[in-house]
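> I'm passing along input.cif; it holds mmCIF, C-alpha atoms.
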data_upload
loop_
_atom_site.group_PDB
_atom_site.id
_atom_site.type_symbol
_atom_site.label_atom_id
_atom_site.label_comp_id
_atom_site.auth_asym_id
_atom_site.auth_seq_id
_atom_site.Cartn_x
_atom_site.Cartn_y
_atom_site.Cartn_z
ATOM 1 C CA MET K 1 0.000 0.000 0.000
ATOM 2 C CA TRP K 2 3.039 2.306 -0.179
ATOM 3 C CA PHE K 3 2.084 5.175 -2.508
ATOM 4 C CA LYS K 4 4.094 5.289 -5.744
ATOM 5 C CA ASN K 5 3.040 8.717 -7.033
ATOM 6 C CA LEU K 6 1.732 11.900 -5.457
ATOM 7 C CA LYS K 7 -0.719 14.529 -6.601
ATOM 8 C CA LEU K 8 -0.775 17.167 -3.873
ATOM 9 C CA TYR K 9 -3.699 19.507 -3.192
ATOM 10 C CA ALA K 10 -4.199 22.252 -0.630
ATOM 11 C CA LEU K 11 -7.520 22.768 1.106
ATOM 12 C CA THR K 12 -8.463 26.389 0.619
ATOM 13 C CA GLN K 13 -10.623 26.511 3.740
ATOM 14 C CA ALA K 14 -10.883 24.566 6.960
ATOM 15 C CA LEU K 15 -12.740 21.289 6.568
ATOM 16 C CA GLU K 16 -14.827 20.272 9.556
ATOM 17 C CA ILE K 17 -15.798 16.629 9.161
ATOM 18 C CA THR K 18 -15.539 13.652 11.475
ATOM 19 C CA GLU K 19 -14.481 10.182 10.431
ATOM 20 C CA GLU K 20 -18.018 8.961 11.188
ATOM 21 C CA ASP K 21 -19.629 11.669 9.022
ATOM 22 C CA LEU K 22 -17.294 10.917 6.150
ATOM 23 C CA GLU K 23 -17.982 7.188 6.426
ATOM 24 C CA SER K 24 -21.708 7.898 6.168
ATOM 25 C CA LYS K 25 -21.296 10.183 3.145
ATOM 26 C CA LEU K 26 -19.042 7.754 1.283
ATOM 27 C CA ALA K 27 -21.441 4.882 1.937
ATOM 28 C CA GLU K 28 -23.952 6.495 -0.433
ATOM 29 C CA PHE K 29 -21.362 6.116 -3.205
ATOM 30 C CA SER K 30 -19.890 2.757 -2.258
ATOM 31 C CA PHE K 31 -18.603 0.474 -4.981
ATOM 32 C CA ARG K 32 -20.937 -1.939 -6.754
ATOM 33 C CA PRO K 33 -19.825 -4.462 -9.372
ATOM 34 C CA CYS K 34 -20.660 -3.976 -13.053
ATOM 35 C CA GLY K 35 -24.149 -5.058 -14.059
ATOM 36 C CA SER K 36 -24.654 -7.067 -17.215
ATOM 37 C CA GLN K 37 -24.858 -3.926 -19.376
ATOM 38 C CA ASP K 38 -22.410 -1.671 -17.499
ATOM 39 C CA MET K 39 -19.182 -0.808 -19.256
ATOM 40 C CA ALA K 40 -17.741 0.463 -15.968
ATOM 41 C CA THR K 41 -18.672 1.308 -12.385
ATOM 42 C CA MET K 42 -16.849 3.314 -9.743
ATOM 43 C CA GLY K 43 -17.293 3.759 -6.007
ATOM 44 C CA PHE K 44 -15.580 3.800 -2.635
ATOM 45 C CA THR K 45 -14.330 0.605 -1.041
ATOM 46 C CA SER K 46 -12.407 -0.474 2.041
ATOM 47 C CA PRO K 47 -8.796 0.795 2.020
ATOM 48 C CA PHE K 48 -7.810 -2.612 3.372
ATOM 49 C CA ASN K 49 -9.652 -4.308 0.472
ATOM 50 C CA GLN K 50 -11.755 -6.236 2.976
ATOM 51 C CA GLY K 51 -14.622 -5.457 5.304
ATOM 52 C CA LYS K 52 -17.229 -2.721 4.946
ATOM 53 C CA THR K 53 -15.437 0.243 6.519
ATOM 54 C CA LEU K 54 -14.767 2.867 3.849
ATOM 55 C CA VAL K 55 -12.280 5.029 5.742
ATOM 56 C CA HIS K 56 -9.264 4.351 7.890
ATOM 57 C CA SER K 57 -7.736 6.987 10.132
ATOM 58 C CA ALA K 58 -4.250 7.285 11.620
ATOM 59 C CA ASN K 59 -3.075 10.365 13.507
ATOM 60 C CA GLY K 60 -5.863 12.444 11.923
ATOM 61 C CA ARG K 61 -4.995 11.369 8.379
ATOM 62 C CA ILE K 62 -7.942 9.663 6.665
ATOM 63 C CA TRP K 63 -7.234 6.991 4.062
ATOM 64 C CA ILE K 64 -9.832 6.627 1.286
ATOM 65 C CA THR K 65 -9.903 4.212 -1.666
ATOM 66 C CA LEU K 66 -11.816 4.496 -4.933
ATOM 67 C CA LYS K 67 -12.437 1.283 -6.873
ATOM 68 C CA LYS K 68 -13.214 1.089 -10.570
ATOM 69 C CA GLN K 69 -14.413 -1.981 -12.435
ATOM 70 C CA GLU K 70 -14.391 -2.095 -16.239
ATOM 71 C CA ARG K 71 -15.646 -4.688 -18.673
ATOM 72 C CA ILE K 72 -13.017 -5.710 -21.188
ATOM 73 C CA LEU K 73 -14.623 -5.916 -24.603
ATOM 74 C CA PRO K 74 -11.925 -5.373 -27.242
ATOM 75 C CA SER K 75 -13.054 -3.234 -30.155
ATOM 76 C CA ALA K 76 -11.303 -5.670 -32.504
ATOM 77 C CA VAL K 77 -13.713 -8.427 -31.426
ATOM 78 C CA VAL K 78 -16.762 -6.216 -31.967
ATOM 79 C CA ASN K 79 -15.516 -4.898 -35.316
ATOM 80 C CA ALA K 80 -14.671 -8.373 -36.580
ATOM 81 C CA GLU K 81 -18.155 -9.660 -35.821
ATOM 82 C CA LEU K 82 -19.698 -6.522 -37.325
ATOM 83 C CA ALA K 83 -17.669 -6.916 -40.531
ATOM 84 C CA GLU K 84 -18.739 -10.534 -40.829
ATOM 85 C CA LYS K 85 -22.390 -9.640 -40.345
ATOM 86 C CA VAL K 86 -22.234 -6.748 -42.829
ATOM 87 C CA ALA K 87 -20.547 -8.943 -45.444
ATOM 88 C CA GLN K 88 -23.235 -11.602 -44.989
ATOM 89 C CA ILE K 89 -26.086 -9.093 -45.417
ATOM 90 C CA GLU K 90 -24.501 -7.491 -48.455
ATOM 91 C CA ALA K 91 -23.942 -10.909 -50.044
ATOM 92 C CA GLU K 92 -27.569 -11.901 -49.453
ATOM 93 C CA THR K 93 -29.189 -8.606 -50.518
ATOM 94 C CA GLY K 94 -26.717 -7.288 -53.033
ATOM 95 C CA SER K 95 -26.952 -3.865 -51.360
ATOM 96 C CA SER K 96 -24.435 -2.051 -49.138
ATOM 97 C CA VAL K 97 -25.229 -1.538 -45.445
ATOM 98 C CA GLY K 98 -25.441 2.133 -44.471
ATOM 99 C CA LYS K 99 -23.503 3.768 -41.631
ATOM 100 C CA LYS K 100 -26.563 4.150 -39.368
ATOM 101 C CA ALA K 101 -27.542 0.517 -39.862
ATOM 102 C CA GLN K 102 -23.957 -0.550 -39.093
ATOM 103 C CA GLN K 103 -23.965 1.550 -35.942
ATOM 104 C CA ASP K 104 -27.228 -0.064 -34.787
ATOM 105 C CA MET K 105 -25.797 -3.514 -35.516
ATOM 106 C CA LYS K 106 -22.651 -2.634 -33.563
ATOM 107 C CA GLN K 107 -24.707 -1.646 -30.509
ATOM 108 C CA GLU K 108 -26.607 -4.928 -30.737
ATOM 109 C CA ILE K 109 -23.344 -6.853 -30.792
ATOM 110 C CA ILE K 110 -22.017 -4.939 -27.768
ATOM 111 C CA HIS K 111 -25.299 -5.516 -25.923
ATOM 112 C CA ARG K 112 -25.054 -9.259 -26.569
ATOM 113 C CA LEU K 113 -21.350 -9.680 -25.773
ATOM 114 C CA LEU K 114 -21.072 -7.335 -22.774
ATOM 115 C CA PRO K 115 -22.458 -9.759 -20.144
ATOM 116 C CA MET K 116 -19.805 -12.301 -21.192
ATOM 117 C CA ALA K 117 -16.886 -9.861 -21.046
ATOM 118 C CA PHE K 118 -14.208 -10.179 -18.380
ATOM 119 C CA THR K 119 -13.894 -7.442 -15.765
ATOM 120 C CA LYS K 120 -10.791 -5.580 -14.597
ATOM 121 C CA ASN K 121 -10.495 -3.846 -11.221
ATOM 122 C CA SER K 122 -8.307 -0.843 -10.464
ATOM 123 C CA PHE K 123 -7.882 1.268 -7.332
ATOM 124 C CA ILE K 124 -6.987 4.876 -6.580
ATOM 125 C CA HIS K 125 -5.782 5.566 -3.049
ATOM 126 C CA GLY K 126 -5.633 8.897 -1.316
ATOM 127 C CA PHE K 127 -5.774 10.533 2.086
ATOM 128 C CA MET K 128 -6.905 13.769 3.673
ATOM 129 C CA SER K 129 -5.244 15.570 6.542
ATOM 130 C CA THR K 130 -7.551 18.366 7.635
ATOM 131 C CA LYS K 131 -5.126 19.660 10.256
ATOM 132 C CA ASP K 132 -2.493 20.068 7.521
ATOM 133 C CA ASN K 133 -5.021 21.334 4.928
ATOM 134 C CA LEU K 134 -3.763 18.709 2.507
ATOM 135 C CA VAL K 135 -5.279 16.102 0.181
ATOM 136 C CA VAL K 136 -2.945 13.532 -1.370
ATOM 137 C CA VAL K 137 -3.799 11.193 -4.259
ATOM 138 C CA ASP K 138 -1.636 8.260 -5.354
ATOM 139 C CA ALA K 139 -1.792 9.069 -9.068
ATOM 140 C CA SER K 140 0.667 10.118 -11.738
ATOM 141 C CA ALA K 141 -1.904 11.470 -14.201
ATOM 142 C CA ASP K 142 -4.369 14.329 -13.823
ATOM 143 C CA GLY K 143 -7.265 12.158 -15.025
ATOM 144 C CA LYS K 144 -7.000 9.638 -12.201
ATOM 145 C CA ALA K 145 -6.499 12.307 -9.579
ATOM 146 C CA GLU K 146 -9.475 14.294 -10.859
ATOM 147 C CA ALA K 147 -11.665 11.163 -10.879
ATOM 148 C CA PHE K 148 -10.789 10.599 -7.222
ATOM 149 C CA LEU K 149 -11.446 14.228 -6.260
ATOM 150 C CA ALA K 150 -14.671 14.376 -8.279
ATOM 151 C CA MET K 151 -16.121 11.318 -6.528
ATOM 152 C CA LEU K 152 -15.023 12.606 -3.140
ATOM 153 C CA ARG K 153 -16.539 16.014 -3.897
ATOM 154 C CA LYS K 154 -19.776 14.356 -5.015
ATOM 155 C CA ALA K 155 -19.994 12.374 -1.794
ATOM 156 C CA MET K 156 -19.067 15.247 0.504
ATOM 157 C CA GLY K 157 -21.008 17.932 -1.338
ATOM 158 C CA SER K 158 -17.953 20.191 -1.398
ATOM 159 C CA LEU K 159 -14.184 19.772 -1.496
ATOM 160 C CA PRO K 160 -12.413 23.148 -1.784
ATOM 161 C CA VAL K 161 -8.947 22.220 -3.074
ATOM 162 C CA VAL K 162 -6.358 23.639 -5.451
ATOM 163 C CA PRO K 163 -3.048 22.120 -6.610
ATOM 164 C CA LEU K 164 -0.356 22.647 -4.002
ATOM 165 C CA ALA K 165 1.766 24.330 -6.683
ATOM 166 C CA ARG K 166 -0.259 26.658 -8.894
ATOM 167 C CA GLN K 167 2.812 27.780 -10.841
ATOM 168 C CA SER K 168 5.577 25.809 -12.504
ATOM 169 C CA VAL K 169 8.663 25.041 -10.408
ATOM 170 C CA GLN K 170 10.873 24.513 -13.462
ATOM 171 C CA GLU K 171 12.975 27.604 -12.713
ATOM 172 C CA HIS K 172 13.868 26.173 -9.296
ATOM 173 C CA LEU K 173 14.703 22.748 -10.745
ATOM 174 C CA THR K 174 16.827 24.335 -13.461
ATOM 175 C CA ALA K 175 18.664 26.492 -10.932
ATOM 176 C CA TRP K 176 19.521 23.385 -8.922
ATOM 177 C CA LEU K 177 21.355 21.879 -11.906
ATOM 178 C CA GLN K 178 23.242 25.144 -12.276
ATOM 179 C CA GLY K 179 24.415 24.809 -8.689
ATOM 180 C CA ASN K 180 22.130 27.511 -7.294
ATOM 181 C CA ASP K 181 19.873 27.343 -4.229
ATOM 182 C CA LEU K 182 20.043 23.545 -3.864
ATOM 183 C CA PRO K 183 18.588 22.677 -0.426
ATOM 184 C CA LYS K 184 20.969 20.764 1.834
ATOM 185 C CA ASP K 185 18.476 17.917 2.299
ATOM 186 C CA ILE K 186 18.050 17.393 -1.475
ATOM 187 C CA LEU K 187 20.454 15.160 -3.401
ATOM 188 C CA ILE K 188 20.244 15.294 -7.198
ATOM 189 C CA LEU K 189 20.306 11.831 -8.791
ATOM 190 C CA GLU K 190 21.227 10.905 -12.362
ATOM 191 C CA GLU K 191 17.970 11.377 -14.252
ATOM 192 C CA ALA K 192 16.274 14.437 -15.727
ATOM 193 C CA GLU K 193 14.243 15.747 -18.623
ATOM 194 C CA LEU K 194 15.009 19.117 -20.178
ATOM 195 C CA LYS K 195 12.928 20.935 -22.759
ATOM 196 C CA ALA K 196 13.403 24.001 -24.902
ATOM 197 C CA LEU K 197 10.879 26.748 -24.197
ATOM 198 C CA GLU K 198 9.322 26.701 -27.667
ATOM 199 C CA GLU K 199 5.944 24.955 -27.914
ATOM 200 C CA ASP K 200 7.429 22.101 -29.952
ATOM 201 C CA GLY K 201 10.927 22.560 -28.596
ATOM 202 C CA ALA K 202 13.557 19.838 -28.381
ATOM 203 C CA ILE K 203 13.406 17.449 -25.421
ATOM 204 C CA LEU K 204 16.442 15.884 -23.781
ATOM 205 C CA ARG K 205 15.920 12.832 -21.566
ATOM 206 C CA CYS K 206 18.845 11.727 -19.409
ATOM 207 C CA LYS K 207 19.404 8.553 -17.389
ATOM 208 C CA ASN K 208 22.562 7.448 -15.599
ATOM 209 C CA GLN K 209 23.964 10.848 -16.479
ATOM 210 C CA ASP K 210 26.095 13.214 -14.419
ATOM 211 C CA LEU K 211 23.727 16.169 -14.409
ATOM 212 C CA GLY K 212 26.465 18.526 -13.325
ATOM 213 C CA SER K 213 28.490 17.843 -16.450
ATOM 214 C CA GLU K 214 29.480 20.534 -18.940
ATOM 215 C CA GLU K 215 27.249 18.887 -21.546
ATOM 216 C CA ILE K 216 24.108 19.375 -19.426
ATOM 217 C CA ILE K 217 25.080 22.913 -18.430
ATOM 218 C CA ASN K 218 25.491 23.773 -22.117
ATOM 219 C CA HIS K 219 21.943 22.559 -22.822
ATOM 220 C CA ILE K 220 20.626 24.796 -20.026
ATOM 221 C CA GLN K 221 22.630 27.766 -21.246
ATOM 222 C CA GLY K 222 21.186 27.052 -24.687
ATOM 223 C CA GLY K 223 17.683 27.663 -23.352
ATOM 224 C CA LYS K 224 16.433 24.326 -22.101
ATOM 225 C CA MET K 225 14.573 24.158 -18.769
ATOM 226 C CA VAL K 226 14.230 21.211 -16.409
ATOM 227 C CA GLN K 227 10.816 19.520 -16.632
ATOM 228 C CA LYS K 228 11.594 16.473 -14.507
ATOM 229 C CA LEU K 229 14.338 15.799 -11.992
ATOM 230 C CA ALA K 230 15.153 12.702 -9.934
ATOM 231 C CA VAL K 231 16.117 13.518 -6.358
ATOM 232 C CA GLU K 232 16.635 11.949 -2.964
ATOM 233 C CA TRP K 233 15.257 13.759 0.069
ATOM 234 C CA ASP K 234 16.521 13.597 3.632
ATOM 235 C CA GLU K 235 17.711 9.988 3.193
ATOM 236 C CA THR K 236 14.022 9.084 3.479
ATOM 237 C CA LEU K 237 12.727 8.797 -0.065
ATOM 238 C CA SER K 238 13.615 9.208 -3.716
ATOM 239 C CA ALA K 239 11.325 10.450 -6.473
ATOM 240 C CA VAL K 240 11.046 12.301 -9.752
ATOM 241 C CA ILE K 241 9.775 15.862 -9.297
ATOM 242 C CA GLN K 242 7.889 17.281 -12.298
ATOM 243 C CA GLU K 243 7.631 20.939 -13.104
ATOM 244 C CA ASP K 244 3.958 20.961 -11.979
ATOM 245 C CA LEU K 245 5.055 19.340 -8.676
ATOM 246 C CA THR K 246 3.626 15.941 -9.553
ATOM 247 C CA ILE K 247 5.757 13.383 -7.717
ATOM 248 C CA LYS K 248 6.433 10.188 -9.682
ATOM 249 C CA ARG K 249 8.237 6.910 -8.987
ATOM 250 C CA LEU K 250 8.164 7.542 -5.259
ATOM 251 C CA LYS K 251 10.325 5.076 -3.324
ATOM 252 C CA PHE K 252 10.824 5.043 0.410
ATOM 253 C CA SER K 253 14.197 4.079 1.831
ATOM 254 C CA ASP K 254 14.968 0.676 3.336
ATOM 255 C CA VAL K 255 15.220 2.379 6.725
ATOM 256 C CA MET K 256 11.581 3.429 6.394
ATOM 257 C CA HIS K 257 10.406 -0.018 5.345
ATOM 258 C CA GLU K 258 12.267 -1.630 8.226
ATOM 259 C CA GLN K 259 10.586 0.474 10.904
ATOM 260 C CA ASN K 260 7.525 -1.799 11.055
ATOM 261 C CA ALA K 261 9.370 -5.027 10.243
ATOM 262 C CA ASP K 262 8.819 -6.314 13.788
ATOM 263 C CA ILE K 263 5.052 -6.637 13.183
ATOM 264 C CA PRO K 264 4.353 -10.305 12.285
ATOM 265 C CA LYS K 265 3.455 -10.823 8.626
ATOM 266 C CA ASP K 266 0.308 -12.710 9.556
ATOM 267 C CA GLN K 267 -1.017 -9.557 11.288
ATOM 268 C CA VAL K 268 -1.937 -8.042 7.940
ATOM 269 C CA LEU K 269 -4.270 -5.301 9.161
ATOM 270 C CA ALA K 270 -1.849 -4.221 11.884
ATOM 271 C CA ARG K 271 0.969 -3.941 9.325
ATOM 272 C CA LEU K 272 -1.230 -1.965 6.910
ATOM 273 C CA ASP K 273 -2.263 0.410 9.688
ATOM 274 C CA ALA K 274 1.319 0.942 10.879
ATOM 275 C CA ASN K 275 2.669 1.372 7.343
ATOM 276 C CA PHE K 276 -0.038 3.887 6.450
ATOM 277 C CA ALA K 277 0.635 5.901 9.608
ATOM 278 C CA LEU K 278 4.368 5.916 8.859
ATOM 279 C CA MET K 279 4.046 6.628 5.140
ATOM 280 C CA SER K 280 1.400 9.343 5.401
ATOM 281 C CA GLY K 281 3.385 11.090 8.113
ATOM 282 C CA GLU K 282 6.469 11.221 5.885
ATOM 283 C CA ILE K 283 4.418 12.438 2.910
ATOM 284 C CA ILE K 284 3.045 15.275 5.038
ATOM 285 C CA ARG K 285 6.583 16.144 6.125
ATOM 286 C CA PHE K 286 7.777 16.028 2.492
ATOM 287 C CA ALA K 287 4.867 18.200 1.315
ATOM 288 C CA ASP K 288 5.616 20.759 4.039
ATOM 289 C CA ARG K 289 9.253 20.819 2.956
ATOM 290 C CA LEU K 290 8.271 21.304 -0.696
ATOM 291 C CA LYS K 291 6.089 24.252 0.307
ATOM 292 C CA THR K 292 9.097 25.867 1.945
ATOM 293 C CA ILE K 293 11.597 25.012 -0.788
ATOM 294 C CA PHE K 294 9.379 26.333 -3.594
ATOM 295 C CA ASN K 295 7.882 29.194 -1.539
ATOM 296 C CA LEU K 296 4.365 27.818 -2.052
ATOM 297 C CA ASN K 297 3.021 29.487 1.066
ATOM 298 C CA ALA K 298 3.096 32.742 -0.913
ATOM 299 C CA ASP K 299 0.245 31.335 -3.061
ATOM 300 C CA GLU K 300 -2.101 30.986 -0.086
#
Render the structure in this file as structure tokens.


Amino acid sequence: MWFKNLKLYALTQALEITEEDLESKLAEFSFRPCGSQDMATMGFTSPFNQGKTLVHSANGRIWITLKKQERILPSAVVNAELAEKVAQIEAETGSSVGKKAQQDMKQEIIHRLLPMAFTKNSFIHGFMSTKDNLVVVDASADGKAEAFLAMLRKAMGSLPVVPLARQSVQEHLTAWLQGNDLPKDILILEEAELKALEEDGAILRCKNQDLGSEEIINHIQGGKMVQKLAVEWDETLSAVIQEDLTIKRLKFSDVMHEQNADIPKDQVLARLDANFALMSGEIIRFADRLKTIFNLNADE
């Protein structure tokens, strides 16, 4: 359950809600499996993937999980059957089948095949910390994060949030590679993406590269800005920071993982609870540090 990506959002006003109230609100939008004619369904489920409780709290941080189920009906299967049916009709009648008739036939095929289609489940995890005015979603793409927030907003009636960073941090990231203003608790690793400022400007992707080399500095002096940068923070975690402050490929250090190693593996719920408390606490600390490093408090 260790988060792998972070989308960070700031609550723009104090949120007064108890764990019990939130549980009740989420229950109205709890997950239900796909019906025979549903292409997809989405709803809240237990963070522990068992039981009926829809929220889990640790130190005031509330863990919430959104589950999505989709029916897998490949378009190639539908189109192949449609083509076969169209060819048969045209052979029997000697007339071509119009677009509207083909569309109606396609819907009939989907209607017939859908109940037999396999289903695929996916989960989006997130947590709220009202005392820190922060909402965190384990997602690398805006679409997933927005789906999570939209469902949460629908259940709660209101969720006043904005991205933690409302302006690009690319100037800061670029300055770090130039040796300027690098925080003492940030270690630059050997991966980055640089892009020229033009709309369709050249992109340079680097891996296993000394980012302090003359070659990289020349690219920056030539007008490229850092869009992504791999860093290690406070010997606690490593990640790729994007210019919009999306955090990708988040990995916690072995020291972090070992802190709850004394909890027996057969005590699954106890380990999940302890790991969530530990992880969410470090994410809050990291988010607070990012606010300071990038002067995000000025946006409030």

> Counting only C-alpha atoms, which residue out of K:Ser75, K:Thr53, K:Asn121, K:Gln13 sits closest to Arg32 of chain K?

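Result for the nearest residue to Arg32 of chain K: K:Asn121.
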
> Going by the chain IDs and residue numbers used in this file, which residues fall under the PyMOL selection byres ((chain K and resi 63) around 9)? Write them as a list in words.

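On this input, the PyMOL selection byres ((chain K and resi 63) around 9) captures Pro47, Leu54, Val55, His56, Ser57, Ala58, Arg61, Ile62, Ile64, Thr65, His125, Gly126, Phe127, Met128 and Phe276 of chain K.
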
> Return the single residue from K:Ile217, K:Gly179, K:Asp273, K:Met279 that is closest to Leu237 of chain K, with distances computed using only C-alpha atoms.

K:Met279

> Interatomic distance between atom CA of Phe123 of chain K and atom CA of Asn59 of chain K?

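If I compute the distance from atom CA of Phe123 of chain K to atom CA of Asn59 of chain K, I get 23.2 Å.
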
> Calculated over all atoms listed in the file, which of the candidates K:Asn49, K:Gln227, K:Ile17, K:Leu22 has the smallest distance to Leu269 of chain K?

K:Asn49

> What does the distance between atom CA of Leu197 of chain K and atom CA of Lys228 of chain K come to in Å, to one decimal place?

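Interatomic distance here is 14.1 Å.
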
> Could you spell out the hits of the PyMOL selection byres ((chain K and resi 118) around 7) on the shown file, as a list of chain:residue names?

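Checked against the file, the PyMOL selection byres ((chain K and resi 118) around 7) matches K:Arg71, K:Ile72, K:Met116, K:Ala117, K:Thr119, K:Lys120.
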
> Given the file shown, determine the residues that the PyMOL selection byres ((chain K and resi 104-109) around 9) selects; report them as a PyMOL selection string.

chain K and resi 78-79+81-82+85-86+99-103+110-114

> Could you state the separation of atom CA of Ser122 of chain K and atom CA of Lys67 of chain K in Å, given to one decimal place?

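According to the coordinates, atom CA of Ser122 of chain K and atom CA of Lys67 of chain K are separated by 5.9 Å.
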
> Pick from K:Gln170, K:Met256, K:Glu214, K:Glu20: nearest to Leu229 of chain K, with only C-alpha atoms counted?

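For Leu229 of chain K, the nearest of the candidates is K:Gln170.
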
> Can you patch up segment 233-249 of chain K, filling it in to N, CA and C atoms, and show the result as a PDB file, keeping the file's coordinate frame?


ATOM      1  N   TRP K 233      15.527  12.762  -0.974  1.00  0.00           N
ATOM      2  CA  TRP K 233      15.257  13.759   0.069  1.00  0.00           C
ATOM      3  C   TRP K 233      15.490  13.185   1.453  1.00  0.00           C
ATOM      4  N   ASP K 234      16.346  13.841   2.198  1.00  0.00           N
ATOM      5  CA  ASP K 234      16.521  13.597   3.632  1.00  0.00           C
ATOM      6  C   ASP K 234      16.804  12.125   3.946  1.00  0.00           C
ATOM      7  N   GLU K 235      17.405  11.413   3.025  1.00  0.00           N
ATOM      8  CA  GLU K 235      17.711   9.988   3.193  1.00  0.00           C
ATOM      9  C   GLU K 235      16.459   9.176   3.521  1.00  0.00           C
ATOM     10  N   THR K 236      15.297   9.718   3.156  1.00  0.00           N
ATOM     11  CA  THR K 236      14.022   9.084   3.479  1.00  0.00           C
ATOM     12  C   THR K 236      13.346   8.512   2.246  1.00  0.00           C
ATOM     13  N   LEU K 237      13.419   9.236   1.142  1.00  0.00           N
ATOM     14  CA  LEU K 237      12.727   8.797  -0.065  1.00  0.00           C
ATOM     15  C   LEU K 237      13.434   9.339  -1.295  1.00  0.00           C
ATOM     16  N   SER K 238      13.164   8.706  -2.425  1.00  0.00           N
ATOM     17  CA  SER K 238      13.615   9.208  -3.716  1.00  0.00           C
ATOM     18  C   SER K 238      12.392   9.329  -4.609  1.00  0.00           C
ATOM     19  N   ALA K 239      12.472  10.216  -5.588  1.00  0.00           N
ATOM     20  CA  ALA K 239      11.325  10.450  -6.473  1.00  0.00           C
ATOM     21  C   ALA K 239      11.759  11.301  -7.642  1.00  0.00           C
ATOM     22  N   VAL K 240      10.869  11.373  -8.634  1.00  0.00           N
ATOM     23  CA  VAL K 240      11.046  12.301  -9.752  1.00  0.00           C
ATOM     24  C   VAL K 240      10.072  13.451  -9.543  1.00  0.00           C
ATOM     25  N   ILE K 241      10.602  14.667  -9.449  1.00  0.00           N
ATOM     26  CA  ILE K 241       9.775  15.862  -9.297  1.00  0.00           C
ATOM     27  C   ILE K 241       9.521  16.456 -10.674  1.00  0.00           C
ATOM     28  N   GLN K 242       8.235  16.628 -11.031  1.00  0.00           N
ATOM     29  CA  GLN K 242       7.889  17.281 -12.298  1.00  0.00           C
ATOM     30  C   GLN K 242       7.703  18.771 -12.095  1.00  0.00           C
ATOM     31  N   GLU K 243       7.716  19.475 -13.193  1.00  0.00           N
ATOM     32  CA  GLU K 243       7.631  20.939 -13.104  1.00  0.00           C
ATOM     33  C   GLU K 243       6.299  21.425 -12.538  1.00  0.00           C
ATOM     34  N   ASP K 244       5.234  20.584 -12.587  1.00  0.00           N
ATOM     35  CA  ASP K 244       3.958  20.961 -11.979  1.00  0.00           C
ATOM     36  C   ASP K 244       3.838  20.430 -10.562  1.00  0.00           C
ATOM     37  N   LEU K 245       4.930  19.904 -10.025  1.00  0.00           N
ATOM     38  CA  LEU K 245       5.055  19.340  -8.676  1.00  0.00           C
ATOM     39  C   LEU K 245       4.334  17.994  -8.530  1.00  0.00           C
ATOM     40  N   THR K 246       4.021  17.344  -9.630  1.00  0.00           N
ATOM     41  CA  THR K 246       3.626  15.941  -9.553  1.00  0.00           C
ATOM     42  C   THR K 246       4.859  15.146  -9.135  1.00  0.00           C
ATOM     43  N   ILE K 247       4.662  14.222  -8.193  1.00  0.00           N
ATOM     44  CA  ILE K 247       5.757  13.383  -7.717  1.00  0.00           C
ATOM     45  C   ILE K 247       5.569  11.985  -8.291  1.00  0.00           C
ATOM     46  N   LYS K 248       6.532  11.509  -9.064  1.00  0.00           N
ATOM     47  CA  LYS K 248       6.433  10.188  -9.682  1.00  0.00           C
ATOM     48  C   LYS K 248       7.538   9.270  -9.179  1.00  0.00           C
ATOM     49  N   ARG K 249       7.272   7.960  -9.351  1.00  0.00           N
ATOM     50  CA  ARG K 249       8.237   6.910  -8.987  1.00  0.00           C
ATOM     51  C   ARG K 249       8.771   7.109  -7.571  1.00  0.00           C
TER      52      ARG K 249
END
